[in-house]
Amino acid sequence: MIKLLFPLPKQVTVAFSGGVDSVAVVDFLSKKHDVTCAFYHHGTENSNRALKFVSQFCTDRNLPMFLGVLNRDKPKDMSYEEFWREERYQYLSTLGPVITAHHLDDCVETYLWSALHGKPKVPNIIRGNVIRPFLTTPKSEFINWCVKKDLKWCEDLSNEDERYTRNYVRKNLVPHAMHVNPGLYKTVKKFVEKQL
């Protein structure tokens, strides 16, 4: 079940990528909230595909949409993952409070990645103006929500590319960690809940 960690105001802005997570969150919140979507274009072909989907989705549902576009080159000392993330957050910081669809699986991945670097952590529920109220909801619940309601989404093809660290952790490290500790998700969930 999709569950909010705390109540949200009536009017919300949601970071909307068009992926299954954000589609589920927009649909879920639309039941009781006035939703505005915010899309950030990373200057990639995948972003072109996603923008078409997001624009049509918002048009079909009569949802207002903010659009941000990457307009500078990546510094040589940054990975694309880091660059895109920082530019996206920089854009979102101009919009006031923004809800994201980060979930428990994201927390598990962050926990494993950070532990391997000596500083285990989970994402903050609040980062500046960014609010992550779904951090204890597993990704599977977002998928179930969309499947049950016959909602379409736009798959990010770059999620399959293991050259990106996050994808490598998701596809390779998480399954092995779950073999060692089947209760990993419960453990990480407790770390998230300590922030409340």
# chains A, B, ... in the order shown; residues from 1 in each chain; ligands from 1
>>> select_by_dssp(residues="segment 30-106 of chain A", states="strand (DSSP E)", output="ChimeraX atom specification")
/A:34-41,65-69,98-99
>>> select_by_dssp(residues="segment 15-83 of chain A", states="alpha helix (DSSP H)", output="ChimeraX atom specification")
/A:20-30,45-61,80-83
>>> closest_residue(among="A:Phe6, A:Val108, A:Pro75, A:Leu95", to="Met178 of chain A", atoms="only C-alpha atoms")
A:Val108
>>> residues_around(residues="segment 140-142 of chain A", least_positions_apart="2", cutoff="6 Å", atoms="only C-alpha atoms", output="ChimeraX atom specification")
/A:1,21,24,138,144-145
>>> residues_around(residues="Lys171 of chain A", least_positions_apart="5", cutoff="12 Å", atoms="only C-alpha atoms", output="list of chain:residue names")
A:Asp105, A:Glu109, A:Asn159, A:Glu160, A:Asp161, A:Glu162, A:Arg163, A:Tyr164, A:Thr165, A:Arg166, A:His176, A:Ala177, A:Met178
>>> closest_residue(among="A:Arg170, A:Arg85, A:His42, A:Lys194", to="Thr110 of chain A", atoms="only C-alpha atoms")
A:Arg170
